[in-house]
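To start, the structure under review is shown below, and the notes come after it.
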Amino acid sequence: MLTCLLIVAIFLLTFIGLRVFLDDTHLQETGGTHPPPQETGGTHPPPRETGGTHPSPQGTGGAHPPPQETGGAYQGPADAPVATHHDRFLTLNFMLTIGLNNLRVVLCGCTDRRVAPSRYEIEHHVYYAYLLNRTLVVPTYLHMRECYQPGLCAIEGHRINDSSVDGADRNSWAIPITNLFDLVHLRKYIKVITVSEFLQLQLDRNPTLSDIPAALASYQVLDDLASRGQTLELYAPDLTSQTIDMYNYLHGQPNGVLTIDDTDPIVDLFRTRLSHPDASPEEVERDLLELDDIVEAPIWGYIDLPSMAIDQEYNMTVRVLPPREWPARDAKYGWVEPDWVYVDAGCRSRGAIYHHYSSPMAVTGLRQRFSTPDLHNTQILHLSGEAHRFSINPVRFSTLEGRKLYDNVVLDWLRYAKPVWDTYAYIKVKMDWKTEGRPYLAFHIRRGDFTKLNWVGPTTELNELIATYQRTVADLNLKYKTMVLDKWDSARQDAARRLAEWESAVSFAQNNTQPGDPPIPTPSRPLAFNIPSPLPLSPYTFIATDEKDPDIITQINALNGTTLFDLFTHGRDGDKESFYDNNYQLTVFGDLLGMVEQLICRDGWWFIGTRRSSLTGGVFNLRKGLGLDERTCYFSDY
């Protein structure tokens, strides 16, 4: 009897120890001390069905491993910045209600119409967090624009109850942000935590904050806190907080005042004008304020596009007023409206223009504005207004390195998460099989609310859409012939000509040299031409689209257009079970599939996008990261 009791006790102790270990492991991965909220859905066991309206993917994956870490969702690398109780936090009002890829542009820069929250919203504030040395607080969950199979969506997501604006799709699901963005990688560069992690930090610091456990257990409260970042201060009442109208600072400056990242490099230009630049700091500051000089300063920037792409750049020279004029520019300097300048004629189709200023300008710097004692020492800084809800790029840079820093934020720091890359690898193998490894054209043809708002022009009508597609394919096939095939053939013929000339010279020298004569000089043998013949352009194109009309899709398919769902349903077998086990439950969310579409479009020989679309802007940026930014245009150009 005692032996049996002893065995039972050992079993219970082992079981409890194992449960504690597993629970602790889960908490380390999720950054909390409580189970995930179960408020509005997902309380039932995940359904096992795989049928329904979403096609079952088949094929192999892993051909293109993700260039990033694949560690736990919330656990940063050992040398990464770690958030602490006493950090200075940066919060904002994230719009969660209109889809993920549009966690980029929330208001179109030329209208007052809400378009969507966007990745650019995150990009901007990753940059601001780095510039201001603050911990960025991001949403715990992101709302999905579409769910193709509710049963599978319940595995990773939970039900929400909101609706979008202006006729876009209704949202009814949300999933953790870590399924979409790689916060592990981002934490190598800045401190970033989710709303849940912020609340947990405060609770760990002060267990008497009795409202936090209920907030952590509520999807709705977590959403509200992400959407209205200033309300986070209510859960940390002993932390100092301040709200700044960022939109007004970036876009509401009076005529003649230019917002830049950092004024220090321009101050250095003025310092060279001082008779005693090595004097004490107090004397230098006094002398700078007494200067009357106007200096020419270089300014770098990006073309302002509604899609917030950063692949088109410019630099200009601006005449800058002396520092004493920066706080309040004197009207005596006059003001002439800036001119629009094209970067170059080849970029006109994408509106590649920027403002050039002929009037002398005052400058204000982001770094300097937020380094003032009242803001620098504030523990929770909230950026309000429309700064993160405006599509044009508001930041200009006083150094080339400053612009490259923003490049790094967009092209490297903020990466897609592993499930996105895994799905991309699975689909890319199928696309390569479809095209036989040949280069292909990639399109983003935006439909849906863009057609309702008449943002796609004549291509709203089906016949014009098809005709435009055919014209574009014909034109780009001709471009490929000229730029790739003919160029290679010309280089091959040129190499053959040089080799023939060399062989003729050698033959002449051999035939015209007698014994005892000095050798006739001959050129060195030209390098062999060993560049393989480029593959012809595939007749198949990749089409990223939100078109739901099966008749339109059928017509596009008849013209060799291939959509993501075509590739998912492709009959090619492979390592599909591994893909199903690890990722299939996420491929039922339309927003994640949009990220995969971006990566497939990134790999096209030429990319044709839709004006004003943030998905298109994201592809432009991805291609910039590969050095392919010049091979882009808009569908409306044709």
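All residue names refer to the structure tokens as shown: chains lettered A, B, ... in order, residues numbered from 1 in each chain, ligands numbered from 1 in order.
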
List every residue of range 80-328 of chain A that DSSP, applied to the backbone of this structure, assigns to strand (DSSP E), and report them as a CSV table (one decimal) with all heavy atoms, in the first residue's frame.
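File selection03.csv, as written:
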```csv
chain,number,residue,atom,x,y,z
A,89,PHE,N,8.8,55.8,-22.9
A,89,PHE,CA,8.0,55.1,-23.9
A,89,PHE,C,7.5,56.0,-24.9
A,89,PHE,O,7.3,57.2,-24.7
A,89,PHE,CB,6.8,54.4,-23.2
A,89,PHE,CG,7.2,53.4,-22.2
A,89,PHE,CD1,7.3,53.7,-20.8
A,89,PHE,CD2,7.6,52.1,-22.6
A,89,PHE,CE1,7.7,52.8,-19.9
A,89,PHE,CE2,8.0,51.1,-21.6
A,89,PHE,CZ,8.1,51.5,-20.3
A,90,LEU,N,7.2,55.5,-26.1
A,90,LEU,CA,6.6,56.2,-27.3
A,90,LEU,C,5.4,55.5,-27.7
A,90,LEU,O,5.4,54.3,-28.0
A,90,LEU,CB,7.6,56.3,-28.4
A,90,LEU,CG,7.2,57.1,-29.6
A,90,LEU,CD1,7.2,58.6,-29.3
A,90,LEU,CD2,8.1,56.9,-30.8
A,91,THR,N,4.2,56.3,-27.6
A,91,THR,CA,2.9,55.7,-28.0
A,91,THR,C,2.3,56.5,-29.0
A,91,THR,O,2.6,57.7,-29.2
A,91,THR,CB,2.0,55.6,-26.7
A,91,THR,OG1,1.6,56.9,-26.3
A,91,THR,CG2,2.7,54.9,-25.6
A,92,LEU,N,1.3,55.9,-29.7
A,92,LEU,CA,0.5,56.6,-30.7
A,92,LEU,C,-0.8,55.9,-30.9
A,92,LEU,O,-1.1,54.9,-30.2
A,92,LEU,CB,1.3,56.6,-32.1
A,92,LEU,CG,1.6,55.3,-32.7
A,92,LEU,CD1,1.6,55.4,-34.2
A,92,LEU,CD2,3.0,54.8,-32.3
A,135,THR,N,11.3,53.6,-26.1
A,135,THR,CA,10.8,52.3,-26.3
A,135,THR,C,9.4,52.4,-27.0
A,135,THR,O,8.5,53.0,-26.5
A,135,THR,CB,10.6,51.6,-24.9
A,135,THR,OG1,11.9,51.4,-24.3
A,135,THR,CG2,9.9,50.2,-25.1
A,136,LEU,N,9.3,51.8,-28.1
A,136,LEU,CA,8.1,51.9,-28.9
A,136,LEU,C,7.1,50.8,-28.4
A,136,LEU,O,7.4,49.7,-28.3
A,136,LEU,CB,8.4,51.6,-30.4
A,136,LEU,CG,7.2,51.7,-31.4
A,136,LEU,CD1,6.6,53.1,-31.4
A,136,LEU,CD2,7.7,51.3,-32.8
A,137,VAL,N,5.8,51.3,-28.2
A,137,VAL,CA,4.7,50.4,-27.8
A,137,VAL,C,3.9,50.1,-29.0
A,137,VAL,O,3.3,51.1,-29.6
A,137,VAL,CB,3.9,51.0,-26.7
A,137,VAL,CG1,2.8,50.0,-26.2
A,137,VAL,CG2,4.8,51.4,-25.5
A,138,VAL,N,3.8,48.9,-29.4
A,138,VAL,CA,3.0,48.5,-30.6
A,138,VAL,C,1.8,47.6,-30.2
A,138,VAL,O,1.8,47.1,-29.1
A,138,VAL,CB,3.9,47.7,-31.6
A,138,VAL,CG1,5.0,48.6,-32.1
A,138,VAL,CG2,4.4,46.4,-31.0
A,141,TYR,N,-2.2,42.8,-31.0
A,141,TYR,CA,-2.9,42.1,-32.1
A,141,TYR,C,-3.2,43.1,-33.2
A,141,TYR,O,-3.4,44.3,-33.0
A,141,TYR,CB,-4.3,41.5,-31.6
A,141,TYR,CG,-4.1,40.6,-30.4
A,141,TYR,CD1,-4.3,41.0,-29.1
A,141,TYR,CD2,-3.8,39.2,-30.6
A,141,TYR,CE1,-4.2,40.2,-28.0
A,141,TYR,CE2,-3.7,38.4,-29.5
A,141,TYR,CZ,-3.9,38.8,-28.2
A,141,TYR,OH,-3.7,38.0,-27.2
A,142,LEU,N,-3.2,42.5,-34.4
A,142,LEU,CA,-3.5,43.3,-35.6
A,142,LEU,C,-4.8,42.7,-36.2
A,142,LEU,O,-4.9,41.5,-36.3
A,142,LEU,CB,-2.4,43.3,-36.6
A,142,LEU,CG,-1.1,43.9,-36.2
A,142,LEU,CD1,0.0,43.8,-37.2
A,142,LEU,CD2,-1.3,45.4,-35.8
A,143,HIS,N,-5.7,43.6,-36.7
A,143,HIS,CA,-6.9,43.1,-37.3
A,143,HIS,C,-6.7,42.7,-38.7
A,143,HIS,O,-5.9,43.3,-39.4
A,143,HIS,CB,-7.9,44.2,-37.2
A,143,HIS,CG,-8.4,44.6,-35.9
A,143,HIS,ND1,-9.5,45.3,-35.6
A,143,HIS,CD2,-7.8,44.4,-34.7
A,143,HIS,CE1,-9.7,45.5,-34.3
A,143,HIS,NE2,-8.6,45.0,-33.7
A,144,MET,N,-7.3,41.6,-39.1
A,144,MET,CA,-7.2,41.1,-40.4
A,144,MET,C,-8.4,41.5,-41.3
A,144,MET,O,-9.5,41.5,-40.9
A,144,MET,CB,-7.1,39.5,-40.4
A,144,MET,CG,-6.0,39.0,-39.6
A,144,MET,SD,-4.4,39.3,-40.4
A,144,MET,CE,-3.8,40.8,-39.5
A,158,HIS,N,-8.6,35.5,-33.0
A,158,HIS,CA,-9.8,35.6,-32.2
A,158,HIS,C,-10.8,36.5,-32.9
A,158,HIS,O,-10.4,37.4,-33.6
A,158,HIS,CB,-9.5,36.1,-30.8
A,158,HIS,CG,-8.9,37.4,-30.7
A,158,HIS,ND1,-7.5,37.6,-30.7
A,158,HIS,CD2,-9.5,38.7,-30.7
A,158,HIS,CE1,-7.3,39.0,-30.7
A,158,HIS,NE2,-8.4,39.6,-30.7
A,159,ARG,N,-12.0,36.3,-32.5
A,159,ARG,CA,-13.1,37.2,-33.1
A,159,ARG,C,-13.0,38.6,-32.6
A,159,ARG,O,-12.8,38.8,-31.4
A,159,ARG,CB,-14.5,36.6,-32.8
A,159,ARG,CG,-14.8,35.3,-33.6
A,159,ARG,CD,-15.3,35.6,-35.0
A,159,ARG,NE,-15.8,34.5,-35.7
A,159,ARG,CZ,-16.3,34.5,-36.9
A,159,ARG,NH1,-16.4,35.7,-37.5
A,159,ARG,NH2,-16.8,33.4,-37.5
A,173,TRP,N,-11.6,39.3,-37.4
A,173,TRP,CA,-10.6,38.5,-36.8
A,173,TRP,C,-9.3,39.4,-36.5
A,173,TRP,O,-9.1,40.3,-37.2
A,173,TRP,CB,-10.2,37.3,-37.7
A,173,TRP,CG,-11.2,36.3,-37.9
A,173,TRP,CD1,-12.2,36.3,-38.8
A,173,TRP,CD2,-11.5,35.2,-37.0
A,173,TRP,NE1,-13.0,35.2,-38.6
A,173,TRP,CE2,-12.6,34.5,-37.5
A,173,TRP,CE3,-10.8,34.7,-35.9
A,173,TRP,CZ2,-13.1,33.3,-37.0
A,173,TRP,CZ3,-11.4,33.5,-35.3
A,173,TRP,CH2,-12.5,32.9,-35.9
A,174,ALA,N,-8.6,38.9,-35.5
A,174,ALA,CA,-7.3,39.5,-35.2
A,174,ALA,C,-6.3,38.5,-34.8
A,174,ALA,O,-6.7,37.4,-34.2
A,174,ALA,CB,-7.4,40.6,-34.1
A,175,ILE,N,-5.0,38.7,-35.1
A,175,ILE,CA,-4.0,37.7,-34.7
A,175,ILE,C,-2.8,38.5,-34.1
A,175,ILE,O,-2.7,39.7,-34.3
A,175,ILE,CB,-3.5,36.8,-35.9
A,175,ILE,CG1,-2.9,37.7,-37.0
A,175,ILE,CG2,-4.7,36.0,-36.5
A,175,ILE,CD1,-2.3,36.9,-38.1
A,176,PRO,N,-1.9,37.8,-33.4
A,176,PRO,CA,-0.8,38.4,-32.7
A,176,PRO,C,0.1,39.1,-33.8
A,176,PRO,O,0.3,38.5,-34.9
A,176,PRO,CB,-0.1,37.3,-32.0
A,176,PRO,CG,-1.1,36.3,-31.7
A,176,PRO,CD,-2.1,36.3,-32.9
A,192,VAL,N,11.3,47.7,-28.3
A,192,VAL,CA,9.9,47.6,-28.7
A,192,VAL,C,9.2,46.6,-27.9
A,192,VAL,O,9.7,45.5,-27.7
A,192,VAL,CB,9.8,47.3,-30.3
A,192,VAL,CG1,10.5,46.0,-30.6
A,192,VAL,CG2,8.4,47.3,-30.7
A,193,ILE,N,8.0,46.9,-27.5
A,193,ILE,CA,7.2,46.0,-26.7
A,193,ILE,C,5.7,46.2,-27.2
A,193,ILE,O,5.4,47.2,-27.8
A,193,ILE,CB,7.2,46.3,-25.2
A,193,ILE,CG1,6.8,47.7,-24.8
A,193,ILE,CG2,8.6,46.0,-24.6
A,193,ILE,CD1,6.8,48.0,-23.3
A,194,THR,N,4.9,45.2,-26.9
A,194,THR,CA,3.5,45.2,-27.2
A,194,THR,C,2.8,45.9,-26.1
A,194,THR,O,3.3,46.1,-25.0
A,194,THR,CB,2.9,43.8,-27.4
A,194,THR,OG1,3.0,43.1,-26.2
A,194,THR,CG2,3.7,43.1,-28.5
A,241,SER,N,3.6,61.9,-18.2
A,241,SER,CA,3.2,61.7,-19.6
A,241,SER,C,2.9,63.0,-20.3
A,241,SER,O,2.6,64.0,-19.6
A,241,SER,CB,1.9,60.8,-19.7
A,241,SER,OG,0.9,61.4,-19.0
A,242,GLN,N,3.0,63.0,-21.6
A,242,GLN,CA,2.7,64.2,-22.3
A,242,GLN,C,2.3,63.9,-23.8
A,242,GLN,O,2.8,62.9,-24.3
A,242,GLN,CB,4.0,65.2,-22.4
A,242,GLN,CG,3.7,66.6,-22.9
A,242,GLN,CD,4.8,67.5,-22.6
A,242,GLN,OE1,5.7,67.2,-21.8
A,242,GLN,NE2,4.8,68.7,-23.2
A,243,THR,N,1.4,64.6,-24.3
A,243,THR,CA,0.9,64.4,-25.7
A,243,THR,C,1.4,65.6,-26.6
A,243,THR,O,1.2,66.7,-26.2
A,243,THR,CB,-0.6,64.3,-25.7
A,243,THR,OG1,-1.0,63.1,-25.0
A,243,THR,CG2,-1.1,64.1,-27.2
A,244,ILE,N,1.9,65.2,-27.7
A,244,ILE,CA,2.4,66.2,-28.7
A,244,ILE,C,1.6,66.0,-30.0
A,244,ILE,O,1.5,64.9,-30.5
A,244,ILE,CB,3.9,66.1,-29.0
A,244,ILE,CG1,4.7,66.4,-27.7
A,244,ILE,CG2,4.4,67.0,-30.1
A,244,ILE,CD1,4.6,67.9,-27.3
A,245,ASP,N,1.1,67.1,-30.6
A,245,ASP,CA,0.5,67.0,-31.9
A,245,ASP,C,1.5,66.9,-33.0
A,245,ASP,O,2.1,67.9,-33.5
A,245,ASP,CB,-0.4,68.3,-32.1
A,245,ASP,CG,-1.2,68.2,-33.3
A,245,ASP,OD1,-0.9,67.4,-34.2
A,245,ASP,OD2,-2.3,68.9,-33.4
A,257,VAL,N,9.6,77.5,-43.2
A,257,VAL,CA,10.2,76.7,-42.1
A,257,VAL,C,10.2,75.2,-42.6
A,257,VAL,O,9.2,74.7,-43.0
A,257,VAL,CB,9.5,76.8,-40.8
A,257,VAL,CG1,10.1,75.9,-39.7
A,257,VAL,CG2,9.4,78.2,-40.3
A,258,LEU,N,11.4,74.6,-42.6
A,258,LEU,CA,11.5,73.2,-43.1
A,258,LEU,C,11.8,72.3,-42.0
A,258,LEU,O,12.7,72.5,-41.2
A,258,LEU,CB,12.7,73.2,-44.1
A,258,LEU,CG,12.8,72.1,-45.1
A,258,LEU,CD1,11.6,72.1,-46.0
A,258,LEU,CD2,14.1,72.2,-45.9
A,259,THR,N,11.1,71.2,-41.9
A,259,THR,CA,11.3,70.2,-40.9
A,259,THR,C,12.3,69.2,-41.4
A,259,THR,O,12.1,68.6,-42.4
A,259,THR,CB,10.0,69.5,-40.5
A,259,THR,OG1,9.0,70.4,-40.1
A,259,THR,CG2,10.2,68.5,-39.4
A,260,ILE,N,13.4,69.0,-40.6
A,260,ILE,CA,14.4,68.0,-40.9
A,260,ILE,C,14.7,67.1,-39.8
A,260,ILE,O,14.1,67.3,-38.7
A,260,ILE,CB,15.7,68.7,-41.4
A,260,ILE,CG1,16.3,69.6,-40.3
A,260,ILE,CG2,15.5,69.5,-42.7
A,260,ILE,CD1,17.6,70.2,-40.6
A,295,VAL,N,23.7,80.4,-45.3
A,295,VAL,CA,24.5,79.3,-45.8
A,295,VAL,C,23.7,78.4,-46.7
A,295,VAL,O,22.5,78.3,-46.6
A,295,VAL,CB,25.2,78.5,-44.7
A,295,VAL,CG1,25.9,79.4,-43.7
A,295,VAL,CG2,24.1,77.7,-43.9
A,296,GLU,N,24.4,77.8,-47.6
A,296,GLU,CA,23.8,76.8,-48.5
A,296,GLU,C,24.0,75.4,-47.9
A,296,GLU,O,25.1,75.0,-47.6
A,296,GLU,CB,24.4,76.8,-49.9
A,296,GLU,CG,24.0,78.1,-50.7
A,296,GLU,CD,24.4,78.0,-52.1
A,296,GLU,OE1,25.2,77.1,-52.5
A,296,GLU,OE2,23.9,78.8,-52.9
A,297,ALA,N,22.9,74.7,-47.6
A,297,ALA,CA,23.0,73.4,-47.0
A,297,ALA,C,22.4,72.3,-47.8
A,297,ALA,O,21.3,72.5,-48.5
A,297,ALA,CB,22.3,73.5,-45.6
A,298,PRO,N,23.0,71.1,-47.9
A,298,PRO,CA,22.4,70.0,-48.7
A,298,PRO,C,21.2,69.4,-47.9
A,298,PRO,O,21.3,69.3,-46.6
A,298,PRO,CB,23.6,69.1,-48.8
A,298,PRO,CG,24.4,69.3,-47.6
A,298,PRO,CD,24.3,70.8,-47.3
A,299,ILE,N,20.2,69.0,-48.5
A,299,ILE,CA,19.0,68.4,-47.9
A,299,ILE,C,18.7,67.1,-48.8
A,299,ILE,O,18.7,67.2,-50.0
A,299,ILE,CB,17.8,69.3,-47.9
A,299,ILE,CG1,18.1,70.5,-47.0
A,299,ILE,CG2,16.6,68.5,-47.3
A,299,ILE,CD1,18.3,70.2,-45.5
A,300,TRP,N,18.5,66.0,-48.1
A,300,TRP,CA,18.2,64.8,-48.8
A,300,TRP,C,16.7,64.4,-48.4
A,300,TRP,O,16.3,64.7,-47.3
A,300,TRP,CB,19.1,63.6,-48.4
A,300,TRP,CG,20.5,63.7,-49.0
A,300,TRP,CD1,20.9,63.1,-50.1
A,300,TRP,CD2,21.6,64.5,-48.5
A,300,TRP,NE1,22.2,63.4,-50.4
A,300,TRP,CE2,22.7,64.3,-49.4
A,300,TRP,CE3,21.8,65.4,-47.4
A,300,TRP,CZ2,23.9,64.9,-49.2
A,300,TRP,CZ3,23.0,66.0,-47.3
A,300,TRP,CH2,24.0,65.7,-48.2
A,301,GLY,N,16.0,63.7,-49.4
A,301,GLY,CA,14.7,63.3,-49.1
A,301,GLY,C,14.2,62.2,-50.0
A,301,GLY,O,14.9,61.7,-50.9
A,302,TYR,N,12.9,61.8,-49.9
A,302,TYR,CA,12.2,60.9,-50.7
A,302,TYR,C,11.1,61.6,-51.5
A,302,TYR,O,10.5,62.6,-51.0
A,302,TYR,CB,11.6,59.7,-49.9
A,302,TYR,CG,12.6,59.0,-49.1
A,302,TYR,CD1,12.6,59.1,-47.7
A,302,TYR,CD2,13.5,58.1,-49.7
A,302,TYR,CE1,13.5,58.3,-46.9
A,302,TYR,CE2,14.4,57.4,-48.9
A,302,TYR,CZ,14.4,57.5,-47.5
A,302,TYR,OH,15.3,56.8,-46.8
A,313,GLU,N,14.5,58.9,-54.8
A,313,GLU,CA,15.1,59.8,-53.9
A,313,GLU,C,15.5,61.1,-54.6
A,313,GLU,O,15.5,61.2,-55.8
A,313,GLU,CB,16.4,59.2,-53.3
A,313,GLU,CG,16.2,57.8,-52.6
A,313,GLU,CD,17.5,57.1,-52.4
A,313,GLU,OE1,18.5,57.4,-53.1
A,313,GLU,OE2,17.5,56.1,-51.6
A,314,TYR,N,15.8,62.1,-53.8
A,314,TYR,CA,16.3,63.4,-54.4
A,314,TYR,C,17.3,64.0,-53.3
A,314,TYR,O,17.3,63.7,-52.2
A,314,TYR,CB,15.2,64.3,-54.7
A,314,TYR,CG,14.5,64.9,-53.5
A,314,TYR,CD1,15.0,66.1,-52.9
A,314,TYR,CD2,13.4,64.3,-52.9
A,314,TYR,CE1,14.3,66.6,-51.7
A,314,TYR,CE2,12.7,64.8,-51.8
A,314,TYR,CZ,13.2,66.0,-51.2
A,314,TYR,OH,12.6,66.5,-50.1
A,315,ASN,N,18.1,64.9,-53.8
A,315,ASN,CA,18.8,65.8,-52.9
A,315,ASN,C,18.8,67.2,-53.5
A,315,ASN,O,18.8,67.4,-54.8
A,315,ASN,CB,20.3,65.3,-52.7
A,315,ASN,CG,21.1,65.3,-54.0
A,315,ASN,OD1,20.9,64.4,-54.8
A,315,ASN,ND2,21.9,66.3,-54.2
A,316,MET,N,18.8,68.2,-52.7
A,316,MET,CA,18.8,69.6,-53.2
A,316,MET,C,19.6,70.4,-52.2
A,316,MET,O,20.1,70.0,-51.2
A,316,MET,CB,17.3,70.1,-53.2
A,316,MET,CG,16.7,70.1,-51.8
A,316,MET,SD,14.9,70.7,-52.0
A,316,MET,CE,14.4,70.5,-50.3
A,317,THR,N,19.8,71.7,-52.7
A,317,THR,CA,20.5,72.7,-51.8
A,317,THR,C,19.5,73.7,-51.4
A,317,THR,O,18.7,74.2,-52.2
A,317,THR,CB,21.7,73.3,-52.6
A,317,THR,OG1,22.6,72.3,-53.0
A,317,THR,CG2,22.4,74.3,-51.8
A,318,VAL,N,19.5,74.0,-50.1
A,318,VAL,CA,18.6,75.0,-49.6
A,318,VAL,C,19.4,76.1,-48.9
A,318,VAL,O,20.4,75.9,-48.3
A,318,VAL,CB,17.7,74.4,-48.5
A,318,VAL,CG1,16.8,75.4,-47.8
A,318,VAL,CG2,16.8,73.3,-49.2
A,319,ARG,N,19.0,77.4,-49.2
A,319,ARG,CA,19.6,78.5,-48.5
A,319,ARG,C,19.0,78.6,-47.1
A,319,ARG,O,17.8,78.8,-47.0
A,319,ARG,CB,19.4,79.8,-49.3
A,319,ARG,CG,20.2,79.8,-50.6
A,319,ARG,CD,20.2,81.2,-51.2
A,319,ARG,NE,18.8,81.6,-51.5
A,319,ARG,CZ,18.4,82.9,-51.3
A,319,ARG,NH1,19.2,83.8,-50.9
A,319,ARG,NH2,17.2,83.2,-51.6
A,320,VAL,N,19.8,78.5,-46.1
A,320,VAL,CA,19.3,78.5,-44.7
A,320,VAL,C,19.6,79.8,-44.0
A,320,VAL,O,20.8,80.3,-44.0
A,320,VAL,CB,19.9,77.3,-43.9
A,320,VAL,CG1,19.4,77.2,-42.5
A,320,VAL,CG2,19.6,76.0,-44.6
```

Residue neighbourhood Asp407 in chain A, 12 Å, only C-alpha atoms, exclusion window fewer than 5 positions, as a list in words
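Using only C-alpha atoms, the neighbours found are Glu123, His124, Val126, Tyr127, Gly301, Tyr302, Ala309, Ile310, Asp311, Gln312, Glu313, Phe397, Leu400, Glu401, Gly402, Asp412, Trp413, Leu414, Asn621, Leu622, Lys624 and Gly625 of chain A.
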
Give me the residues near range 464-468 of chain A as an MDAnalysis selection string, where near means some atom within 12 Å (using only C-alpha atoms) and where sequence neighbours in that chain fewer than 4 positions away do not count.
chainID A and resid 443 445:447 451 456:460 472:475 547 551:561 608 634:638

Which of A:Ala214, A:Leu567, A:Leu132, A:Leu321 sits closest to Ser359 in chain A [using only C-alpha atoms]
A:Leu321

Given only C-alpha atoms as the basis, pick out the residue of A:Gln368, A:Asn511, A:Arg145, A:Gly334 nearest to Asp546 in chain A.
A:Arg145

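From CA of Thr522 in chain A back to CA of Arg498 in chain A, the distance works out to 12.9 Å.
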
Name all residues at most 12 Å from Leu203 in chain A (count only C-alpha atoms; drop same-chain ones fewer than 4 positions away) and give them as a list of chain:residue names.
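Those residues are A:Gly32, A:Thr33, A:His34, A:His85, A:Ser196, A:Glu197, A:Phe198, A:Leu199, A:Pro207, A:Thr208, A:Leu209, A:Ser210, A:Asp211, A:Ile212, A:Pro213, A:Ala214, A:Ala215, A:Leu216, A:Tyr235, A:Ala236, A:Pro237.
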